[in-house]
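Peer 1: Just passing along the structure, written as structure tokens.
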Amino acid sequence: MEAVANKEALKGGEFLVKETNAQDIFIPEEWNEEQLMIAKTCRDFLEQEVYPRLDEIDSQKDPNLMPSLMDKAGELGLLGTSVPEEFGGFGSNFNTSMLIAEVTGAGHSFAVALSAHTGIGTLPIMYYGNEEQKAKYLPKLATGEWKASYCLTEPDSGSDANSGKTKAMPTEDGKHYIINGQKMWITNGGFADIFIVFAKIEDDKNLTAFIVEKDFGGITMNEEEKKMGIKGSSTRQVFFNDCKVPAENMLSDRQNGFKIAVNILNIGRIKLGAAAIGASKGVIDHAVNYAKERKQFGTSIANFGAIKHKLAEMATRVYACDSATYRAGQNIDDAYDAMVAGGMSDAEAKLKSVEQFAIECAILKVHGSEVLDYVVDQGVQVYGGMGFSADAPMDRAYRDARINRIFEGTNEINRMLTIDMILRRAMKGELDLMKPAMAVQKELMDIPDFGAEEDNTLFAKEKKALRNLKKAGLMIAGAAAQKFMQKLKDEQEVLMNLADMLIEVYALESAILRTEKLIGIRGEEACATQIDMVSIYLHRAVNIARQAGEEAIFAFASGDEQRMMLLGLKRFTKVEPTNLKEARRRVADHLIKENKYVF
Amino acid sequence: MNILVCITHVPDTTSRISFTDNNTKFDTSGVQFIIGPYDDYALARAVELKEANGGEVTVLNVGPADTEPTIRKALAIGADKAIRVNAEPVDSFYVAQQIAAVIKNGNYDLILMGRESIDFNGGMVHGMVGELLNLPAFSPVMKLEIEGDTAKMSREIEGGKEFIEAKLPFIAGCQEPIAEWKIPNMRGIMSARKKPLEVIEPTDSVKNTEVSSYELPPAKGDVKMISKDNVEELVKLLKEEAKVL
């Protein structure tokens, strides 16, 4: 395989219109020794400190348990991995922090406390704090001496975050702000020392962010919320009653809060995707193990095709998600390096690099949380009756998974954002959608390609199918944008359909590229299972895209236009038959032999 | 105090064990390697002793280059430097000879290792090293306190516990609860690469063992549950079916 010396740096969202060279992506098989050791430390920590106490954590009987676990994680340095070394952290790159998010993501309620502290709790100060703020807060957050929470959501302001009613009024001497308002669903609220609070100053249109210490006073809270899952995660309503905050604790500029919230959420989203992968792998390990142990009709149920189907499908979706997640993570690291080399400050480059890939972040949030939901659902099913028992691990996994489709922006909001961001970038000229969309239009007028040319190179057929899926997406997105113009945002159903197509394109492409690169390293024979997973995922992606595309076309096209587009969709979602049953059996057999998810 | 901790590089306990080359070689593909769990206890105690009394912890492994990630993990846990004897650890006696040679060239007050490895579980190296160097060797040491040049230890013996006092230096094969395993922290991990890892060639030593073949233990059979009130049935089955009585 030809090695490419210079990576061609794709910008965020460009995957839709450009091809990526397999050599240019990072694959999880390339983690270095240090990264693997960090991952092992996280795993050992969970096994030693968290897994033996899952029931105790979820019972919330001991309010000190979660903070004491956080302290222990802090002693290991796990709370300061992303914090720069000058502020007492370890300055890990983005993809390493993603790996940590993945492994700790299997930690149920603890995972939520950890990610809220290190993510939305710490990052606003790290990225938007001035030097004094960073010096004051980051070292203590990095060790866990202070624990952080993030107060954005209010009873009447959830997805519509900028509509919050919490007020910050300047005192007459201008030295303080007095914050009043009510915040809801505040993770870590029960034990946090630091609250990142979003409020509107006077009659401002936009939010402003503040760093609020618990000791400032005027902070009260409700009891712990009773929740469906992540029951051990502290979730409170927090009330600010004349909470007096020094003016120097304003984070960034006045009215810049909404932007902070959005940018921090970008990071939270992709990390949530990574955490979902970790949780999914844990469930697969349990399910494979149980399927082998459980005997019915005189044999282990792992020998049944219906069970193999489930195991293989679980692993395949995780494999695709895994491939996409670290591909995007490395893109962010590469963009950061380029920006810093171009003279940008560390904090700004960190933000801008993630912002550059905000489309991928939203995609991965949706994909990761939905893969996890599928995996836990099938995990329960593999366990059968025991899956429904609170004494087996599937009960907790199933309940804990559900919140992931809701927080960090619901999956609906993220689907709409994905398309919205792509179209905005196209309008601004940052992403050339027009030329490829026109090319698709022209191709539709031409005589269809009957697949006469034979290309037997690796993944030639899969890549052709992928190119076609991109064309299908462009065809429908282009037509929808033309038809609805500015009103497309009101056609949420169509946006959902388009997002589904785009998400599958990204996941499929990532799985193909990862496998191609891996074959270059290990050879085709050693990657037989991965090749099977690519086939399985290809069919899934095409099926989803076909259905979503059809729904969108039915929704807005009629007559000749509709006929034309349906024909185009049919042409672009044509895929060679594969014996998926056999492919899934082989994937499942690999899992069963290894007794765990090993990819 | 200078402490030498000898570590093994062994398959993770959850690894799937299989063989190649006509059942004469262990198949390492896809196998995760770890520091031997008993060695890990020894290392943890050594790091604690260093933290309490000062000094230096050196880790030693007899193995080829691919054991270095395992050695660096020991450095991440808190050892200060490492030595790798560049040789396949053929058998207990071969390894003991290599360790003895390293000890002769060093100035160690205490030599710790696990009570046994978890691959071949020989449990002989500590005794052999002691014999080769004419030093006392104790195993399995479950408690180890140092006061000046004297160590107080306890070890499990048949039907009881033995309390020992010994003058340094000596060799101890360790097991829990001598210390709690240490999870390497971020600082340790980040500094492991910067710590010295010296590679030395093996001394000429006798190799007494050659593997003719390996075989896996027979697969676990089905379990029959018998009611605790039905001793007669149990005896009957043990006689007639299991044929062990």
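Chain lettering (A, B, ...) mirrors the order of the structure tokens, residue numbering begins at 1 for each chain separately, and ligand numbering begins at 1 in order of display.
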Chain B residues within 6 Å of chain A, counting only C-alpha atoms: which ones, as a PyMOL selection string?

Peer 2: chain B and resi 183+185-186

Peer 1: Would you mind exporting the chosen residues as an mmCIF file, in the first residue's frame, restricted to N, CA, C and O atoms?

Peer 2:
data_model
loop_
_atom_site.group_PDB
_atom_site.id
_atom_site.type_symbol
_atom_site.label_atom_id
_atom_site.label_comp_id
_atom_site.auth_asym_id
_atom_site.auth_seq_id
_atom_site.Cartn_x
_atom_site.Cartn_y
_atom_site.Cartn_z
ATOM 1 N N ILE B 183 -1.873 1.269 41.309
ATOM 2 C CA ILE B 183 -2.235 1.620 39.935
ATOM 3 C C ILE B 183 -1.319 2.775 39.544
ATOM 4 O O ILE B 183 -1.231 3.755 40.282
ATOM 5 N N ASN B 185 -0.070 6.148 38.414
ATOM 6 C CA ASN B 185 -0.788 7.408 38.218
ATOM 7 C C ASN B 185 -0.243 8.138 36.994
ATOM 8 O O ASN B 185 0.759 7.733 36.404
ATOM 9 N N MET B 186 -0.926 9.196 36.615
ATOM 10 C CA MET B 186 -0.564 9.916 35.384
ATOM 11 C C MET B 186 0.882 10.408 35.443
ATOM 12 O O MET B 186 1.614 10.307 34.469
#

Peer 1: Fewer than 4 positions away in the same chain doesn't count, so skip those; otherwise give me all residues within 7 Å of Arg72 in chain B, counting only C-alpha atoms, as a PDB file with all heavy atoms, in the first residue's frame.

Peer 2:
ATOM      1  N   GLU B  68       9.697  -4.819  27.435  1.00  0.00           N
ATOM      2  CA  GLU B  68       9.967  -3.453  27.922  1.00  0.00           C
ATOM      3  C   GLU B  68       8.715  -2.664  28.323  1.00  0.00           C
ATOM      4  O   GLU B  68       8.760  -1.919  29.303  1.00  0.00           O
ATOM      5  CB  GLU B  68      10.851  -2.695  26.942  1.00  0.00           C
ATOM      6  CG  GLU B  68      12.280  -3.234  27.001  1.00  0.00           C
ATOM      7  CD  GLU B  68      13.311  -2.385  26.281  1.00  0.00           C
ATOM      8  OE1 GLU B  68      12.953  -1.330  25.744  1.00  0.00           O
ATOM      9  OE2 GLU B  68      14.487  -2.810  26.274  1.00  0.00           O
ATOM     10  N   ALA B  76       6.544   3.209  35.927  1.00  0.00           N
ATOM     11  CA  ALA B  76       5.412   4.116  36.143  1.00  0.00           C
ATOM     12  C   ALA B  76       4.839   3.945  37.548  1.00  0.00           C
ATOM     13  O   ALA B  76       4.368   4.899  38.156  1.00  0.00           O
ATOM     14  CB  ALA B  76       4.329   3.863  35.091  1.00  0.00           C
ATOM     15  N   ALA B 192       7.763   7.590  33.137  1.00  0.00           N
ATOM     16  CA  ALA B 192       8.376   6.264  32.969  1.00  0.00           C
ATOM     17  C   ALA B 192       9.395   6.235  31.840  1.00  0.00           C
ATOM     18  O   ALA B 192      10.459   5.610  31.949  1.00  0.00           O
ATOM     19  CB  ALA B 192       7.294   5.220  32.733  1.00  0.00           C
ATOM     20  N   ARG B 193       9.088   6.917  30.761  1.00  0.00           N
ATOM     21  CA  ARG B 193       9.994   6.903  29.603  1.00  0.00           C
ATOM     22  C   ARG B 193      11.315   7.610  29.883  1.00  0.00           C
ATOM     23  O   ARG B 193      12.315   7.342  29.224  1.00  0.00           O
ATOM     24  CB  ARG B 193       9.327   7.597  28.414  1.00  0.00           C
ATOM     25  CG  ARG B 193       8.690   6.606  27.517  1.00  0.00           C
ATOM     26  CD  ARG B 193       8.188   7.178  26.226  1.00  0.00           C
ATOM     27  NE  ARG B 193       7.471   6.127  25.536  1.00  0.00           N
ATOM     28  CZ  ARG B 193       8.071   5.124  24.907  1.00  0.00           C
ATOM     29  NH1 ARG B 193       9.369   5.070  24.816  1.00  0.00           N
ATOM     30  NH2 ARG B 193       7.356   4.168  24.352  1.00  0.00           N
TER      31      ARG B 193
END

Peer 1: Considering only C-alpha atoms, return as a list of chain:residue names whatever protein or nucleic-acid residues lie within 10 Å of Lys574 in chain A, sequence-local ones (same chain, fewer than 3 positions apart) excluded.

Peer 2: A:Lys464, A:Ala465, A:Asn468, A:Leu469, A:His539, A:Val542, A:Asn543, A:Arg546, A:Leu569, A:Lys570, A:Arg571, A:Pro577

Peer 1: Mind checking DSSP for range 30-220 of chain B and telling me the alpha helix (DSSP H) residues as an MDAnalysis selection string?

Peer 2: chainID B and resid 37:53 68:77 92:105 125:133 186:192

Peer 1: Extract, using only C-alpha atoms, all DNA, RNA and protein residues at most 8 Å from Asn61 in chain B, discarding same-chain residues fewer than 5 positions from it, and format them as a list in words.

Peer 2: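 Close residues of Asn61 in chain B: Cys6, Ile7, Thr8, His9, Thr67, Ile71, Ile83, Arg84 and Val85 of chain B.
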
Peer 1: Got a sec: who's within 9 Å of Ala320 in chain A, counting only C-alpha atoms, leaving out chain neighbours fewer than 5 positions off, as a list in words?

Peer 2: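 My reading of the contact set: Ala315, Thr325, Ala507, Leu508, Glu509, Ser510, Ala511, Ile512, Arg514, Met533, Val534 and Tyr537 of chain A.
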
Peer 1: Counting only C-alpha atoms, which of A:Ala279, A:Met344, A:Val262, A:Val212 gets nearest to Pro246 in chain A?

Peer 2: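 Smallest separation from Pro246 in chain A among the options: A:Val212.
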
Peer 1: Which residues come within 10 Å of range 275-277 of chain A, counting only C-alpha atoms, excluding same-chain residues fewer than 2 positions away, as number ranges by chain?

Peer 2: A: 98-108, 111-112, 115, 269-273, 279-283, 317-319, 321-322, 325, 364-365, 367-373, 375, 401, 404

Peer 1: If we count only C-alpha atoms, what is near Arg254 in chain A at a cut-off of 12 Å, once residues fewer than 6 positions away on the same chain are taken out, given as a list of chain:residue names?

Peer 2: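 Within the cut-off, the hits are A:Ala168, A:Pro170, A:Tyr177, A:Phe198, A:Ala199, A:Lys200, A:Ile201, A:Glu202, A:Asp203, A:Asp204, A:Lys205, A:Asn206, A:Leu207, A:Thr208, A:Ala209, A:Phe210, A:Ala247, A:Glu248, A:Ile260.
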
Peer 1: Go ahead and dump the residues you just picked, N, CA and C atoms, as a short mmCIF file (atom, residue, chain, number, x, y, z; two decimals), in the first residue's frame.

Peer 2:
data_model
loop_
_atom_site.label_atom_id
_atom_site.label_comp_id
_atom_site.auth_asym_id
_atom_site.auth_seq_id
_atom_site.Cartn_x
_atom_site.Cartn_y
_atom_site.Cartn_z
N ALA A 168 -28.10 38.34 36.38
CA ALA A 168 -26.94 38.82 37.11
C ALA A 168 -26.99 40.34 37.07
N PRO A 170 -25.42 43.97 38.22
CA PRO A 170 -24.21 44.57 38.79
C PRO A 170 -24.55 45.39 40.04
N TYR A 177 -21.54 41.08 40.95
CA TYR A 177 -22.83 40.81 40.31
C TYR A 177 -23.66 40.02 41.31
N PHE A 198 -24.52 30.27 34.02
CA PHE A 198 -24.88 31.13 32.89
C PHE A 198 -26.08 31.98 33.28
N ALA A 199 -25.93 33.28 33.11
CA ALA A 199 -27.00 34.20 33.51
C ALA A 199 -26.99 35.40 32.57
N LYS A 200 -28.09 36.13 32.56
CA LYS A 200 -28.14 37.34 31.72
C LYS A 200 -27.92 38.57 32.58
N ILE A 201 -27.02 39.41 32.15
CA ILE A 201 -26.75 40.64 32.89
C ILE A 201 -27.81 41.67 32.46
N GLU A 202 -28.47 42.22 33.41
CA GLU A 202 -29.55 43.19 33.16
C GLU A 202 -30.48 42.67 32.09
N ASP A 203 -30.68 43.45 31.01
CA ASP A 203 -31.62 42.98 29.99
C ASP A 203 -30.91 42.46 28.75
N ASP A 204 -29.74 41.93 28.93
CA ASP A 204 -28.98 41.42 27.78
C ASP A 204 -29.76 40.37 27.01
N LYS A 205 -29.45 40.28 25.73
CA LYS A 205 -30.09 39.26 24.89
C LYS A 205 -29.40 37.91 25.11
N ASN A 206 -28.09 37.96 25.33
CA ASN A 206 -27.33 36.72 25.42
C ASN A 206 -26.79 36.47 26.83
N LEU A 207 -26.51 35.21 27.07
CA LEU A 207 -26.01 34.79 28.37
C LEU A 207 -24.57 35.25 28.61
N THR A 208 -24.24 35.37 29.88
CA THR A 208 -22.86 35.60 30.29
C THR A 208 -22.51 34.49 31.28
N ALA A 209 -21.24 34.04 31.23
CA ALA A 209 -20.84 32.95 32.13
C ALA A 209 -20.08 33.51 33.33
N PHE A 210 -20.28 32.87 34.48
CA PHE A 210 -19.58 33.27 35.72
C PHE A 210 -19.00 32.03 36.39
N ALA A 247 -16.88 40.73 40.39
CA ALA A 247 -16.92 41.04 38.95
C ALA A 247 -15.81 40.32 38.19
N GLU A 248 -14.69 40.11 38.88
CA GLU A 248 -13.58 39.45 38.16
C GLU A 248 -13.85 37.96 37.89
N ILE A 260 -19.83 30.24 24.71
CA ILE A 260 -19.06 29.32 25.56
C ILE A 260 -19.83 28.02 25.70
#

Peer 1: Report, in Å with one decimal, the straight-line distance from CA of Gly63 in chain B to CA of Pro28 in chain A.

Peer 2: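 CA of Pro28 in chain A lies at a distance of 27.5 Å from CA of Gly63 in chain B.
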
Peer 1: Can you measure CA of Ile219 in chain A to CA of Thr171 in chain A for me? One decimal in Å is fine.

Peer 2: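 These atoms are spaced 18.1 Å apart.
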
Peer 1: Nearest to Leu110 in chain B: which of B:Asn134, B:Ser227, B:Asn2, B:Asn53 is it, counting only C-alpha atoms?

Peer 2: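 Nearest candidate to Leu110 in chain B out of B:Asn134, B:Ser227, B:Asn2, B:Asn53: B:Asn2.
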
Peer 1: CA of Ala100 in chain B and CA of Asp204 in chain B are how many Å apart?

Peer 2: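 Result for CA of Ala100 in chain B versus CA of Asp204 in chain B: 12.1 Å, one decimal.
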
Peer 1: Which is closer to Ser205 in chain B than all the others in B:Gly36, B:Pro89, B:Gly160, B:Gly30, using only C-alpha atoms?

Peer 2: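 Once distances to Ser205 in chain B are computed over only C-alpha atoms, the minimum belongs to B:Pro89.
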
Peer 1: Taking into account only C-alpha atoms, which residue in the set A:Ser389, A:Ser109, A:Thr573, A:Thr153 is nearest to Ser233 in chain A?

Peer 2: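 With only C-alpha atoms as the atom set, the closest residue is A:Ser109.
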